[in-house]
$ cat model10.csv   # CSV, C-alpha atoms
chain,number,residue,atom,x,y,z
A,36,MET,CA,63.8,124.2,66.4
A,37,SER,CA,67.4,125.3,65.5
A,38,ARG,CA,67.0,123.8,62.0
A,39,ALA,CA,63.9,126.0,61.4
A,40,TRP,CA,65.8,129.1,62.6
A,41,PHE,CA,68.6,128.2,60.3
A,42,ILE,CA,66.3,128.0,57.3
A,43,VAL,CA,64.7,131.3,58.1
A,44,TRP,CA,68.2,132.9,58.6
A,45,ALA,CA,69.3,131.5,55.3
A,46,LEU,CA,66.2,132.9,53.5
A,47,VAL,CA,66.8,136.3,55.0
A,48,ILE,CA,70.5,136.3,54.0
A,49,TRP,CA,69.6,135.1,50.5
A,50,GLN,CA,67.0,137.9,50.1
A,51,VAL,CA,69.4,140.6,51.3
A,52,ALA,CA,72.1,139.4,48.9
A,53,ALA,CA,69.6,139.3,46.0
A,54,TRP,CA,68.7,142.9,46.7
A,55,ALA,CA,72.3,144.0,47.2
A,56,PHE,CA,73.6,142.4,44.0
A,57,ALA,CA,70.7,142.8,41.7
A,58,PRO,CA,71.4,144.9,38.6
A,59,GLN,CA,70.4,148.6,38.9
A,60,LYS,CA,67.5,149.7,36.7
A,61,THR,CA,68.6,152.4,34.2
A,62,ALA,CA,66.6,155.5,33.7
A,63,GLN,CA,63.8,154.9,31.2
A,64,ARG,CA,63.5,157.0,28.1
A,65,PRO,CA,60.2,158.7,27.4
A,66,ALA,CA,57.9,156.4,25.7
A,67,ALA,CA,57.4,156.9,22.0
A,68,PRO,CA,53.9,157.8,20.8
A,69,VAL,CA,51.6,154.8,20.7
A,70,ASP,CA,50.0,153.7,17.5
A,71,GLY,CA,46.4,153.0,18.1
A,72,PRO,CA,43.0,154.7,18.3
A,73,GLY,CA,44.4,158.0,19.5
A,74,TYR,CA,43.2,157.8,23.1
A,75,GLY,CA,43.6,155.8,26.2
A,76,SER,CA,41.4,153.3,28.0
A,77,ASN,CA,39.9,155.9,30.3
A,78,GLU,CA,38.9,158.3,27.5
A,79,GLU,CA,35.2,158.0,28.4
A,80,ILE,CA,36.0,160.0,31.6
A,81,PHE,CA,37.7,162.7,29.6
A,82,VAL,CA,34.8,162.8,27.1
A,83,ASP,CA,32.4,163.4,30.0
A,84,GLY,CA,34.7,166.0,31.4
A,85,ARG,CA,34.8,167.9,28.1
A,86,ALA,CA,30.9,167.8,28.0
A,87,GLY,CA,30.7,169.2,31.5
A,88,LEU,CA,33.3,171.9,30.6
A,89,ARG,CA,31.3,172.9,27.6
A,90,ARG,CA,28.1,173.2,29.8
A,91,GLU,CA,30.0,175.5,32.3
A,92,THR,CA,31.5,177.6,29.5
A,93,ALA,CA,28.1,178.0,27.9
A,94,LEU,CA,26.7,179.2,31.3
A,95,ALA,CA,29.6,181.7,31.6
A,96,PHE,CA,28.7,183.2,28.2
A,97,GLU,CA,25.0,183.4,29.2
A,98,ARG,CA,25.7,185.5,32.2
A,99,PRO,CA,24.4,189.1,32.1
A,100,TYR,CA,26.8,191.4,30.3
A,101,GLY,CA,26.9,193.8,33.3
A,102,SER,CA,28.4,191.1,35.5
A,103,ARG,CA,31.3,190.6,33.2
A,104,CYS,CA,33.0,193.9,34.2
A,105,ALA,CA,33.5,193.8,38.0
A,106,GLY,CA,33.5,191.8,41.2
A,107,GLU,CA,32.7,188.1,41.5
A,108,GLY,CA,30.8,188.0,38.2
A,109,ARG,CA,33.9,189.1,36.3
A,110,LYS,CA,36.1,186.7,38.2
A,111,GLN,CA,33.8,183.8,37.4
A,112,PHE,CA,33.4,184.8,33.8
A,113,VAL,CA,37.1,185.1,33.2
A,114,ALA,CA,37.9,181.9,35.2
A,115,HIS,CA,35.5,179.8,33.2
A,116,ILE,CA,36.6,181.1,29.8
A,117,ASP,CA,40.3,180.8,30.8
A,118,TYR,CA,39.8,177.2,32.0
A,119,TYR,CA,38.0,176.2,28.8
A,120,TYR,CA,40.9,177.4,26.7
A,121,TYR,CA,43.5,175.9,29.1
A,122,ARG,CA,41.9,172.4,28.9
A,123,ARG,CA,41.5,172.7,25.1
A,124,GLN,CA,45.1,173.8,24.5
A,125,ASN,CA,46.5,171.3,27.0
A,126,ASP,CA,44.7,168.4,25.2
A,127,MET,CA,45.9,169.7,21.8
A,128,GLU,CA,49.5,169.6,23.0
A,129,HIS,CA,49.5,166.4,25.0
A,130,TYR,CA,47.4,163.9,22.9
A,131,PRO,CA,49.9,164.1,19.9
A,132,LYS,CA,52.8,163.5,22.4
A,133,ILE,CA,51.2,160.5,23.9
A,134,PHE,CA,49.3,158.9,21.0
A,135,GLY,CA,51.1,160.3,17.9
A,136,LYS,CA,49.2,161.4,14.8
A,137,ALA,CA,46.2,159.4,15.7
A,138,GLY,CA,46.0,161.3,18.9
A,139,ALA,CA,46.3,164.6,17.2
A,140,ASP,CA,43.6,163.8,14.7
A,141,TYR,CA,41.3,162.4,17.4
A,142,ILE,CA,41.6,165.4,19.8
A,143,ALA,CA,41.3,167.9,16.9
A,144,LYS,CA,37.9,166.3,16.1
A,145,GLN,CA,36.9,166.3,19.8
A,146,TRP,CA,37.5,170.0,20.1
A,147,SER,CA,35.7,171.0,16.9
A,148,THR,CA,32.1,170.6,17.9
A,149,GLY,CA,29.4,173.2,17.2
A,150,ASP,CA,29.7,174.4,20.8
A,151,ASP,CA,33.5,174.9,20.4
A,152,LYS,CA,33.0,177.0,17.3
A,153,ARG,CA,30.3,179.0,19.1
A,154,PHE,CA,32.6,179.6,22.0
A,155,GLU,CA,35.3,180.8,19.6
A,156,ARG,CA,32.8,183.3,18.1
A,157,LEU,CA,31.6,184.4,21.5
A,158,THR,CA,35.2,184.9,22.6
A,159,GLN,CA,35.9,187.0,19.6
A,160,GLU,CA,32.8,189.1,20.3
A,161,ALA,CA,33.7,189.5,24.0
A,162,TYR,CA,37.2,190.5,23.1
A,163,ALA,CA,36.0,193.0,20.5
A,164,GLN,CA,33.6,194.6,23.0
A,165,GLY,CA,36.2,194.8,25.7
A,166,TYR,CA,34.9,192.2,28.1
A,167,LEU,CA,38.0,190.0,27.7
A,168,ALA,CA,41.6,190.8,27.2
A,169,LEU,CA,44.5,188.4,26.5
A,170,SER,CA,46.0,189.4,29.8
A,171,ASP,CA,43.0,187.7,31.5
A,172,PHE,CA,44.2,184.3,30.3
A,173,GLY,CA,46.9,182.1,31.9
A,174,ASP,CA,50.0,181.1,29.8
A,175,VAL,CA,48.5,177.9,28.4
A,176,GLY,CA,45.0,179.2,27.6
A,177,ARG,CA,46.4,182.4,26.2
A,178,LYS,CA,48.1,180.5,23.3
A,179,LEU,CA,44.8,179.3,21.9
A,180,ALA,CA,42.9,182.5,22.9
A,181,GLU,CA,45.4,184.5,20.9
A,182,ALA,CA,44.8,182.3,17.8
A,183,VAL,CA,41.0,182.7,18.3
A,184,VAL,CA,41.0,186.5,18.5
A,185,ARG,CA,43.8,187.1,15.9
A,186,GLY,CA,42.5,189.6,13.5
A,187,GLU,CA,39.8,191.0,15.8
A,188,ARG,CA,39.9,194.6,16.8
A,189,VAL,CA,38.7,196.0,20.1
A,190,VAL,CA,35.9,198.3,19.0
A,191,ALA,CA,34.4,199.1,22.4
A,192,HIS,CA,35.6,199.3,26.0
A,193,SER,CA,32.4,198.1,27.6
A,194,CYS,CA,34.1,197.7,31.1
A,195,ALA,CA,35.8,201.1,31.0
A,196,SER,CA,33.1,203.1,32.8
$ encode --input "model10.csv" --output "structure tokens"
Amino acid sequence: MSRAWFIVWALVIWQVAAWAFAPQKTAQRPAAPVDGPGYGSNEEIFVDGRAGLRRETALAFERPYGSRCAGEGRKQFVAHIDYYYYRRQNDMEHYPKIFGKAGADYIAKQWSTGDDKRFERLTQEAYAQGYLALSDFGDVGRKLAEAVVRGERVVAHSCAS
């Protein structure tokens, strides 16, 4: 019995010594962009997420114009449009960082569907009619929203009354 305890004791001491004297890991540098297809192995999930986001955004633009001005209707309208531009801008910033030029090209193509162009046009119209203001957007979504409405003039203040 004492021989078995000695072996267990020796293994424990060896393990503690290995942990104590093992070389420390140095801080890892950020990974360089990956050459490849421009997206990761779970991209199918993100593609489905973008499709769902487009459906929700389309429903937001289809709401009655009167609900865009006040109360819960306005809150939901602004939240959906802001989140659409947040996700789009976030992807446009992060895919190139992670996947390099292939990622930039891939995500630019993903966010240039017919629906995306329609949302840009509808955003321009909502901005020009006074239903949306750049102050309605968060910091990330505002970057892209500013680019979309650049050159548009506010011609009506539909929510002023």
$ atom_distance --input "model10.csv" --atom1 "atom CA of A:Tyr119" --atom2 "atom CA of A:Gly176"
7.7 Å
$ atom_distance --input "model10.csv" --atom1 "atom CA of A:Glu160" --atom2 "atom CA of A:Gly84"
25.7 Å
$ closest_residue --input "model10.csv" --among "A:Arg185, A:Arg156, A:Lys136, A:Arg85" --to "A:Gly71" --atoms "only C-alpha atoms"
A:Lys136
$ atom_distance --input "model10.csv" --atom1 "atom CA of A:Ala143" --atom2 "atom CA of A:Glu91"
20.6 Å
$ residues_around --input "model10.csv" --residues "A:Ala182" --least-positions-apart "5" --cutoff "12 Å" --atoms "all atoms listed in the file" --output "list in words"
Tyr120, Gln124, Glu155, Thr158, Gln159, Leu169, Gly176, Arg177 and Glu187 of chain A
$ write_last_selection --input "model10.csv" --atoms "C-alpha atoms" --output "mmCIF file, in the frame of the given file"
data_model
loop_
_atom_site.group_PDB
_atom_site.id
_atom_site.type_symbol
_atom_site.label_atom_id
_atom_site.label_comp_id
_atom_site.auth_asym_id
_atom_site.auth_seq_id
_atom_site.Cartn_x
_atom_site.Cartn_y
_atom_site.Cartn_z
ATOM 1 C CA TYR A 120 40.900 177.400 26.700
ATOM 2 C CA GLN A 124 45.100 173.800 24.500
ATOM 3 C CA GLU A 155 35.300 180.800 19.600
ATOM 4 C CA THR A 158 35.200 184.900 22.600
ATOM 5 C CA GLN A 159 35.900 187.000 19.600
ATOM 6 C CA LEU A 169 44.500 188.400 26.500
ATOM 7 C CA GLY A 176 45.000 179.200 27.600
ATOM 8 C CA ARG A 177 46.400 182.400 26.200
ATOM 9 C CA GLU A 187 39.800 191.000 15.800
#
$ closest_residue --input "model10.csv" --among "A:Ala161, A:Val51, A:Leu179, A:Ala39" --to "A:Tyr100" --atoms "all atoms listed in the file"
A:Ala161
$ closest_residue --input "model10.csv" --among "A:Ile42, A:Met127, A:Ile142, A:Cys194" --to "A:Leu167" --atoms "all atoms listed in the file"
A:Cys194
$ residues_around --input "model10.csv" --residues "A:Ala93" --least-positions-apart "6" --cutoff "10 Å" --atoms "all atoms listed in the file" --output "list in words"
Gly87, His115, Ile116, Asp150, Asp151, Arg153, Phe154 and Leu157 of chain A
$ closest_residue --input "model10.csv" --among "A:Tyr118, A:Phe112, A:Trp44, A:Tyr74" --to "A:Pro99" --atoms "all atoms listed in the file"
A:Phe112
